[in-house]
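Data from structure-v1.pdb: PDB, C-alpha atoms and all ligand atoms
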ATOM      1  CA  MET A   1     -13.961  12.140   6.443
ATOM      2  CA  LYS A   2     -11.313  11.600   3.723
ATOM      3  CA  ILE A   3      -7.685  12.762   3.959
ATOM      4  CA  PHE A   4      -5.058  12.792   1.191
ATOM      5  CA  ASP A   5      -1.373  12.428   2.171
ATOM      6  CA  ALA A   6       0.052  14.715  -0.523
ATOM      7  CA  HIS A   7       3.713  13.691  -0.056
ATOM      8  CA  THR A   8       4.970  10.471   1.475
ATOM      9  CA  HIS A   9       7.669   7.845   0.930
ATOM     10  CA  LEU A  10       5.948   4.479   1.222
ATOM     11  CA  ASN A  11       8.566   3.431  -1.372
ATOM     12  CA  ASP A  12      11.291   3.843   1.266
ATOM     13  CA  THR A  13      13.019   1.018   3.179
ATOM     14  CA  PRO A  14      11.100   1.148   6.501
ATOM     15  CA  PHE A  15       7.856   0.221   4.680
ATOM     16  CA  LEU A  16       9.248  -2.461   2.379
ATOM     17  CA  GLY A  17       6.990  -5.526   2.288
ATOM     18  CA  LYS A  18       4.566  -3.927   4.768
ATOM     19  CA  GLU A  19       2.861  -1.490   2.390
ATOM     20  CA  GLN A  20      -0.571  -3.115   2.692
ATOM     21  CA  GLU A  21      -0.409  -2.901   6.502
ATOM     22  CA  PHE A  22       0.416   0.813   6.398
ATOM     23  CA  ILE A  23      -2.296   1.483   3.807
ATOM     24  CA  ASP A  24      -4.836  -0.336   5.995
ATOM     25  CA  HIS A  25      -3.748   1.534   9.114
ATOM     26  CA  ALA A  26      -3.963   4.829   7.218
ATOM     27  CA  ARG A  27      -7.510   3.999   6.145
ATOM     28  CA  GLU A  28      -8.495   3.479   9.800
ATOM     29  CA  LEU A  29      -7.338   7.059  10.386
ATOM     30  CA  ALA A  30      -9.344   8.288   7.331
ATOM     31  CA  VAL A  31      -6.228   8.712   5.168
ATOM     32  CA  VAL A  32      -7.537   7.141   1.967
ATOM     33  CA  LYS A  33      -5.148   8.394  -0.735
ATOM     34  CA  MET A  34      -1.394   9.014  -0.898
ATOM     35  CA  ALA A  35       1.114  10.461  -3.331
ATOM     36  CA  ILE A  36       4.308   8.386  -3.219
ATOM     37  CA  VAL A  37       7.362  10.518  -3.872
ATOM     38  CA  GLY A  38      10.618   9.391  -5.475
ATOM     39  CA  SER A  39      13.959  11.169  -5.503
ATOM     40  CA  ASN A  40      16.197   9.181  -7.888
ATOM     41  CA  THR A  41      15.806   6.524 -10.589
ATOM     42  CA  ASP A  42      15.461   3.617  -8.153
ATOM     43  CA  LEU A  43      12.986   5.251  -5.750
ATOM     44  CA  ASN A  44      11.038   6.682  -8.703
ATOM     45  CA  GLU A  45      10.685   3.160 -10.092
ATOM     46  CA  LYS A  46       9.463   1.889  -6.708
ATOM     47  CA  SER A  47       6.961   4.738  -6.496
ATOM     48  CA  ILE A  48       5.496   3.830  -9.873
ATOM     49  CA  ALA A  49       5.373   0.128  -9.007
ATOM     50  CA  LEU A  50       3.365   0.911  -5.853
ATOM     51  CA  SER A  51       0.956   3.172  -7.732
ATOM     52  CA  GLN A  52       0.323   0.350 -10.190
ATOM     53  CA  ARG A  53      -0.277  -2.149  -7.395
ATOM     54  CA  PHE A  54      -2.610  -0.107  -5.177
ATOM     55  CA  ALA A  55      -5.628   1.866  -6.406
ATOM     56  CA  GLU A  56      -5.308   4.527  -3.683
ATOM     57  CA  LEU A  57      -1.685   5.407  -4.479
ATOM     58  CA  TYR A  58      -0.316   7.920  -7.006
ATOM     59  CA  SER A  59       3.236   8.522  -8.087
ATOM     60  CA  ILE A  60       5.479  11.612  -8.062
ATOM     61  CA  VAL A  61       8.889  11.230  -9.700
ATOM     62  CA  GLY A  62      11.939  13.420 -10.038
ATOM     63  CA  PHE A  63      15.478  14.092  -8.825
ATOM     64  CA  HIS A  64      15.812  15.409  -5.268
ATOM     65  CA  PRO A  65      18.487  18.103  -4.891
ATOM     66  CA  ASP A  66      20.620  15.642  -2.875
ATOM     67  CA  ASP A  67      20.531  13.271  -5.863
ATOM     68  CA  SER A  68      20.901  15.904  -8.567
ATOM     69  CA  LYS A  69      24.530  14.851  -9.106
ATOM     70  CA  TYR A  70      23.100  11.648 -10.671
ATOM     71  CA  PHE A  71      21.009  13.547 -13.198
ATOM     72  CA  ASN A  72      22.442  13.105 -16.712
ATOM     73  CA  ASP A  73      21.214  12.356 -20.237
ATOM     74  CA  THR A  74      20.510   8.701 -19.389
ATOM     75  CA  THR A  75      18.686   9.285 -16.095
ATOM     76  CA  LYS A  76      16.818  12.216 -17.624
ATOM     77  CA  ALA A  77      15.528   9.982 -20.428
ATOM     78  CA  GLU A  78      14.410   7.417 -17.816
ATOM     79  CA  LEU A  79      12.663  10.156 -15.863
ATOM     80  CA  ILE A  80      10.771  11.326 -18.945
ATOM     81  CA  THR A  81       9.466   7.782 -19.441
ATOM     82  CA  GLN A  82       8.490   7.578 -15.755
ATOM     83  CA  LEU A  83       6.682  10.921 -15.961
ATOM     84  CA  GLN A  84       4.465   9.517 -18.698
ATOM     85  CA  GLN A  85       3.144   6.617 -16.623
ATOM     86  CA  PRO A  86      -0.641   6.891 -16.213
ATOM     87  CA  LYS A  87      -0.601   7.336 -12.404
ATOM     88  CA  THR A  88       2.315   9.758 -12.268
ATOM     89  CA  VAL A  89       0.753  13.063 -11.176
ATOM     90  CA  ALA A  90       3.680  15.457 -10.603
ATOM     91  CA  VAL A  91       7.410  16.073 -11.002
ATOM     92  CA  GLY A  92       9.111  15.794  -7.611
ATOM     93  CA  GLU A  93      10.572  16.048  -5.296
ATOM     94  CA  ILE A  94      12.776  18.677  -6.883
ATOM     95  CA  GLY A  95      14.354  21.835  -5.507
ATOM     96  CA  LEU A  96      17.332  23.005  -3.497
ATOM     97  CA  ASP A  97      18.899  21.761  -0.274
ATOM     98  CA  TYR A  98      21.690  23.982   1.041
ATOM     99  CA  HIS A  99      21.540  22.313   4.443
ATOM    100  CA  TRP A 100      23.066  18.977   3.435
ATOM    101  CA  ASP A 101      24.748  20.176   0.233
ATOM    102  CA  ALA A 102      24.849  16.556  -0.946
ATOM    103  CA  SER A 103      25.252  17.816  -4.518
ATOM    104  CA  PRO A 104      27.115  21.005  -5.517
ATOM    105  CA  ARG A 105      24.829  24.035  -5.421
ATOM    106  CA  ASP A 106      25.329  24.991  -9.066
ATOM    107  CA  VAL A 107      24.363  21.417 -10.050
ATOM    108  CA  GLN A 108      21.282  21.584  -7.808
ATOM    109  CA  ARG A 109      20.152  24.808  -9.444
ATOM    110  CA  GLN A 110      20.754  23.498 -12.961
ATOM    111  CA  VAL A 111      18.913  20.207 -12.355
ATOM    112  CA  PHE A 112      16.037  22.019 -10.631
ATOM    113  CA  LYS A 113      15.650  24.312 -13.669
ATOM    114  CA  GLU A 114      15.811  21.428 -16.139
ATOM    115  CA  GLN A 115      13.059  19.572 -14.301
ATOM    116  CA  LEU A 116      10.906  22.701 -14.158
ATOM    117  CA  ASP A 117      11.308  22.917 -17.931
ATOM    118  CA  LEU A 118      10.203  19.280 -18.204
ATOM    119  CA  ALA A 119       7.145  19.995 -16.051
ATOM    120  CA  HIS A 120       6.307  22.944 -18.260
ATOM    121  CA  GLU A 121       6.640  20.894 -21.457
ATOM    122  CA  LEU A 122       4.589  18.009 -20.089
ATOM    123  CA  HIS A 123       2.016  20.279 -18.378
ATOM    124  CA  MET A 124       2.568  18.639 -15.008
ATOM    125  CA  PRO A 125       2.693  20.274 -11.563
ATOM    126  CA  VAL A 126       5.862  20.181  -9.465
ATOM    127  CA  ASN A 127       6.438  19.141  -5.842
ATOM    128  CA  VAL A 128       9.200  21.316  -4.421
ATOM    129  CA  HIS A 129      11.668  20.655  -1.606
ATOM    130  CA  THR A 130      13.577  23.605  -0.167
ATOM    131  CA  ARG A 131      15.901  23.686   2.820
ATOM    132  CA  ASP A 132      18.005  26.687   3.843
ATOM    133  CA  ALA A 133      17.487  27.890   0.279
ATOM    134  CA  LEU A 134      14.237  29.887   0.218
ATOM    135  CA  GLU A 135      15.674  32.833  -1.715
ATOM    136  CA  ASP A 136      17.165  30.842  -4.603
ATOM    137  CA  THR A 137      14.159  28.504  -4.713
ATOM    138  CA  TYR A 138      11.828  31.462  -4.989
ATOM    139  CA  ALA A 139      13.905  33.182  -7.683
ATOM    140  CA  ILE A 140      14.089  30.054  -9.852
ATOM    141  CA  LEU A 141      10.355  29.272  -9.507
ATOM    142  CA  LYS A 142       9.508  32.865 -10.345
ATOM    143  CA  ASP A 143      11.657  32.765 -13.490
ATOM    144  CA  SER A 144      10.178  29.464 -14.568
ATOM    145  CA  LYS A 145       6.561  30.722 -14.488
ATOM    146  CA  VAL A 146       5.391  27.972 -12.155
ATOM    147  CA  ALA A 147       1.808  29.304 -12.242
ATOM    148  CA  ASP A 148       1.519  28.005 -15.824
ATOM    149  CA  TYR A 149       1.775  24.352 -14.738
ATOM    150  CA  GLY A 150       1.235  24.461 -10.955
ATOM    151  CA  GLY A 151       3.400  23.772  -7.942
ATOM    152  CA  VAL A 152       3.333  22.585  -4.349
ATOM    153  CA  LEU A 153       5.842  23.764  -1.766
ATOM    154  CA  HIS A 154       6.179  20.638   0.356
ATOM    155  CA  SER A 155       6.634  20.450   4.153
ATOM    156  CA  PHE A 156       6.419  24.207   4.502
ATOM    157  CA  SER A 157       8.539  25.383   7.409
ATOM    158  CA  GLY A 158       9.109  29.066   6.684
ATOM    159  CA  ASP A 159       7.228  32.055   8.062
ATOM    160  CA  ARG A 160       4.106  33.830   6.936
ATOM    161  CA  GLU A 161       5.907  36.388   4.759
ATOM    162  CA  TRP A 162       7.725  33.696   2.801
ATOM    163  CA  MET A 163       4.509  31.734   2.425
ATOM    164  CA  GLN A 164       2.832  34.777   0.919
ATOM    165  CA  LYS A 165       5.588  35.124  -1.674
ATOM    166  CA  PHE A 166       5.092  31.537  -2.841
ATOM    167  CA  LEU A 167       1.297  31.949  -2.780
ATOM    168  CA  ASP A 168       1.759  35.005  -4.995
ATOM    169  CA  LEU A 169       3.602  32.768  -7.491
ATOM    170  CA  GLY A 170       0.381  30.719  -7.670
ATOM    171  CA  MET A 171       1.691  27.796  -5.620
ATOM    172  CA  MET A 172      -0.024  25.543  -3.085
ATOM    173  CA  ILE A 173       1.425  25.206   0.422
ATOM    174  CA  SER A 174       1.727  21.730   1.969
ATOM    175  CA  PHE A 175       2.110  21.283   5.728
ATOM    176  CA  SER A 176       3.746  18.279   7.389
ATOM    177  CA  GLY A 177       4.107  17.207  11.035
ATOM    178  CA  VAL A 178       6.206  20.325  11.636
ATOM    179  CA  VAL A 179       2.944  22.261  12.039
ATOM    180  CA  SER A 180       2.114  20.108  15.080
ATOM    181  CA  PHE A 181       5.397  20.911  16.879
ATOM    182  CA  LYS A 182       4.859  23.136  19.891
ATOM    183  CA  ASN A 183       7.779  25.465  19.163
ATOM    184  CA  ALA A 184       7.136  25.984  15.443
ATOM    185  CA  LYS A 185       5.516  29.384  15.974
ATOM    186  CA  ASP A 186       6.272  30.752  12.495
ATOM    187  CA  VAL A 187       4.740  27.678  10.876
ATOM    188  CA  HIS A 188       1.673  27.981  13.131
ATOM    189  CA  GLU A 189       1.139  31.550  11.928
ATOM    190  CA  ALA A 190       1.453  30.418   8.333
ATOM    191  CA  ALA A 191      -1.069  27.597   8.850
ATOM    192  CA  ILE A 192      -3.548  30.050  10.358
ATOM    193  CA  ALA A 193      -3.104  32.534   7.505
ATOM    194  CA  VAL A 194      -3.062  30.183   4.510
ATOM    195  CA  PRO A 195      -6.232  30.395   2.361
ATOM    196  CA  LEU A 196      -8.220  27.164   2.677
ATOM    197  CA  ASP A 197      -8.216  26.668  -1.081
ATOM    198  CA  ARG A 198      -4.393  26.724  -1.252
ATOM    199  CA  VAL A 199      -3.391  24.249   1.463
ATOM    200  CA  LEU A 200      -2.436  20.551   1.412
ATOM    201  CA  VAL A 201      -1.442  18.103   4.163
ATOM    202  CA  GLU A 202       1.271  15.446   4.083
ATOM    203  CA  THR A 203       3.451  13.285   6.323
ATOM    204  CA  ASP A 204       6.750  13.120   4.420
ATOM    205  CA  ALA A 205       6.932   9.722   6.192
ATOM    206  CA  PRO A 206       9.187   8.155   7.381
ATOM    207  CA  TYR A 207      10.439  11.635   8.390
ATOM    208  CA  LEU A 208       8.911  14.444  10.482
ATOM    209  CA  THR A 209       6.564  12.451  12.730
ATOM    210  CA  PRO A 210       3.786  14.696  14.085
ATOM    211  CA  THR A 211       2.813  15.131  17.716
ATOM    212  CA  PRO A 212       1.645  12.926  19.554
ATOM    213  CA  TYR A 213       4.016  10.367  17.984
ATOM    214  CA  ARG A 214       7.068  12.607  17.692
ATOM    215  CA  GLY A 215      10.259  10.572  18.142
ATOM    216  CA  LYS A 216       8.659   7.418  16.683
ATOM    217  CA  GLN A 217       8.714   6.429  13.026
ATOM    218  CA  ASN A 218       6.265   8.348  10.892
ATOM    219  CA  GLU A 219       3.716   6.676   8.592
ATOM    220  CA  PRO A 220       1.174   7.955   6.041
ATOM    221  CA  GLY A 221      -1.820   7.503   8.373
ATOM    222  CA  TYR A 222      -0.435  10.214  10.618
ATOM    223  CA  THR A 223      -1.537  12.823   8.064
ATOM    224  CA  ARG A 224      -4.608  12.710  10.287
ATOM    225  CA  TYR A 225      -2.630  14.442  13.070
ATOM    226  CA  VAL A 226      -1.332  17.083  10.668
ATOM    227  CA  ALA A 227      -4.935  17.901   9.676
ATOM    228  CA  GLU A 228      -5.935  17.938  13.346
ATOM    229  CA  ALA A 229      -3.088  20.292  14.254
ATOM    230  CA  ILE A 230      -4.152  22.763  11.544
ATOM    231  CA  ALA A 231      -7.807  22.490  12.597
ATOM    232  CA  LYS A 232      -6.870  23.247  16.190
ATOM    233  CA  LEU A 233      -4.737  26.258  15.209
ATOM    234  CA  ARG A 234      -7.561  27.640  13.059
ATOM    235  CA  ASP A 235     -10.259  26.705  15.543
ATOM    236  CA  MET A 236     -12.312  24.814  12.970
ATOM    237  CA  PRO A 237     -13.544  21.207  12.647
ATOM    238  CA  VAL A 238     -10.940  18.744  11.337
ATOM    239  CA  GLU A 239     -13.564  17.587   8.815
ATOM    240  CA  GLU A 240     -13.347  20.991   7.111
ATOM    241  CA  VAL A 241      -9.552  20.883   6.905
ATOM    242  CA  ALA A 242      -9.765  17.326   5.552
ATOM    243  CA  ALA A 243     -12.378  18.209   2.918
ATOM    244  CA  ALA A 244     -10.522  21.320   1.701
ATOM    245  CA  THR A 245      -7.084  19.707   1.534
ATOM    246  CA  TYR A 246      -8.482  16.574  -0.127
ATOM    247  CA  LYS A 247     -10.161  18.627  -2.852
ATOM    248  CA  ASN A 248      -7.071  20.822  -3.341
ATOM    249  CA  THR A 249      -4.837  17.759  -3.701
ATOM    250  CA  LEU A 250      -7.082  16.174  -6.347
ATOM    251  CA  GLU A 251      -7.105  19.470  -8.237
ATOM    252  CA  ILE A 252      -3.393  20.254  -8.198
ATOM    253  CA  TYR A 253      -2.427  16.675  -9.125
ATOM    254  CA  GLY A 254      -5.196  16.437 -11.736
ATOM    255  CA  ILE A 255      -6.794  13.334 -10.214
ATOM    256  CA  LYS A 256     -10.375  12.554 -11.209
ATOM    257  CA  GLU A 257     -12.477  10.615  -8.711
ATOM    258  CA  ASP A 258     -15.039   8.180 -10.087
TER     259      ASP A 258
HETATM  260 ZN    ZN A 301       9.907  13.999   0.985
END

Translate the structure of the given file into structure tokens.
Ligand SMILES: [Zn+2]
Amino acid sequence: MKIFDAHTHLNDTPFLGKEQEFIDHARELAVVKMAIVGSNTDLNEKSIALSQRFAELYSIVGFHPDDSKYFNDTTKAELITQLQQPKTVAVGEIGLDYHWDASPRDVQRQVFKEQLDLAHELHMPVNVHTRDALEDTYAILKDSKVADYGGVLHSFSGDREWMQKFLDLGMMISFSGVVSFKNAKDVHEAAIAVPLDRVLVETDAPYLTPTPYRGKQNEPGYTRYVAEAIAKLRDMPVEEVAAATYKNTLEIYGIKED
């Protein structure tokens, strides 16, 4: 069995200097590839450095809505260079976060749109973060013709109706540890309904630790428990969830296996 963690932050502080350990532990749990996601110039740089150091890691770079206030001509030029690195596979994480409002909402929307334009120009898929902002996120993605270059809605935590709207835009749906939480009934329904050729799995580590480790620090290897939670909900072998999500992740990120 092979599992791909489609969105994780091994470039973040809790993992610093211990990356090899976490990669080895992930491998023991059958998690053999990871996409390392940045959110600003510094974390994007660290993501790329890790992807250059480890064969099983890929890089996703962009400006998170919280950090969109730092997006300007200089940082945009740096991002364009980072997007052209050989192991950079997507633009992300980008989107809207109206929960924390760490950047003004009009700035978030503008920076989201500019990065969607970049993705379109460079023919790269996007990895999208949305929190308390489903309506605006949907409207902007719809306008930007995301189906032309591909998109992943990361750590999906909406209901089945919302999922269908994003599926209809041609996007992939990525589930995190939230799907393993007992009370996340809406997310369970979505995970049961999602077509097997449109679903990915991720940890978003160090955040959102899945059951049975909820409350402890998350790590990429725990993608295994996300896949298991989906398999249990759908009453199918975890191997099938692993195989489908692995294949989908390679396809959306344009990764060729030797
Ligand atoms: Zn994330």

(request) Just say which residues the PyMOL selection byres (((not hetatm)) within 7 of (chain A and resi 301)) picks in this file, as a PyMOL selection string. (result) chain A and resi 7-9+37+93+204

(request) Check the smallest atom-to-atom distance from each of A:Leu250, A:Met124, A:Leu208, A:Val241 to Pro220 (chain A) using only C-alpha atoms, then report the winner. (result)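 Looking only at the distances to Pro220 (chain A), the closest residue turns out to be A:Leu208.
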
(message) Taking the file as I've supplied it (selection: the PyMOL selection byres (((chain A and resi 105) around 12) and not hetatm)), which residues are included? Please answer as a list in words.
(response) Pro65, Asp66, Asp67, Ser68, Lys69, Gly95, Leu96, Asp97, Tyr98, His99, Trp100, Asp101, Ala102, Ser103, Pro104, Asp106, Val107, Gln108, Arg109, Gln110, Val111, Phe112, Asp132, Ala133, Asp136 and Thr137 of chain A

(request) Could you jot down the CA of Leu79 (chain A) to CA of Glu121 (chain A) separation for me, Å, one decimal place? (result)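 CA of Glu121 (chain A) lies 13.5 Å from CA of Leu79 (chain A).
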
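Compared by their closest atoms to Pro212 (chain A), and using all atoms listed in the file, the residues A:Gln84, A:Ser180, A:Gln20, A:Ser174 rank with A:Ser180 nearest.
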
(request) Let me know the residues the PyMOL selection byres (((chain A and resi 168) around 12) and not hetatm) catches in the file above, as a PyMOL selection string. (result) chain A and resi 138+141-142+145-147+151+161-167+169-173+194-195+198

(request) Find the residues around Val187 (chain A) up to 7 Å (all atoms listed in the file counted), leave out those fewer than 5 positions away in its own chain, and share them as number ranges by chain. (result) A: 157-159, 179

Same residues, C-alpha atoms, saved as a PDB file, keeping the file's coordinate frame:
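Writing done, so here's selection-v9.pdb:
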ATOM      1  CA  SER A 157       8.539  25.383   7.409  1.00  0.00           C
ATOM      2  CA  GLY A 158       9.109  29.066   6.684  1.00  0.00           C
ATOM      3  CA  ASP A 159       7.228  32.055   8.062  1.00  0.00           C
ATOM      4  CA  VAL A 179       2.944  22.261  12.039  1.00  0.00           C
TER       5      VAL A 179
END

(request) Work out how far apart CA of Thr75 (chain A) and CA of His120 (chain A) are and give it in Å to one decimal. (result)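 Computed distance, CA of Thr75 (chain A) to CA of His120 (chain A), equals 18.6 Å.
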
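Distance check against Ala205 (chain A) using only C-alpha atoms: of A:Ile36, A:Gly17, A:Ile230, A:Val128, the minimum falls on A:Ile36.
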
(message) Calculated over all atoms listed in the file, which of the candidates A:Arg53, A:His129, A:His188, A:His123 has the smallest distance to Ile23 (chain A)?
(response) A:Arg53

(message) Measuring between only C-alpha atoms, which one of A:Asp148, A:Ala184, A:Glu28, A:Glu257 shows the shortest distance to Met1 (chain A)?
(response)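 With only C-alpha atoms as the atom set, the closest residue is A:Glu28.
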
(request) Fewer than 4 positions away in the same chain doesn't count, so skip those; otherwise give me all residues within 8 Å of region 56-58 of chain A, counting only C-alpha atoms, as a ChimeraX atom specification. (result) /A:32-36,47-48,50-52,87-89

(request) Give as a PyMOL selection string every residue, naming chains and numbers as the document does, that has an atom within 12 Å of (-15.1, 20.0, 5.5), counting all atoms listed in the file. (result) chain A and resi 1-3+196-197+227+231+236-248

(message) To one decimal place in Å, what is the distance between CA of Leu153 (chain A) and CA of Gly177 (chain A)?
(response) 14.5 Å

(request) Identify which of the residues A:Gln115, A:Ser144, A:Asn40, A:Thr203 lies closest to Phe63 (chain A), counting all atoms listed in the file when measuring atom-to-atom distances. (result) A:Asn40

(request) Pick out the residues sitting within 7 Å of Ala119 (chain A), and hand them over as a list in words; count only C-alpha atoms, and ignore anything fewer than 6 positions along from it in its own chain. (result)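 Final neighbour list, sorted by chain and number: Val91, Pro125 and Val126 of chain A.
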
Please write out, as JSON, where the centre of an axis-aligned box around all listed atoms of region 141-156 of chain A lies and how long its edges are, in Å to one decimal, after adding 3 Å on each side.
{"center_x": 6.4, "center_y": 26.7, "center_z": -5.7, "size_x": 16.4, "size_y": 18.4, "size_z": 26.3}
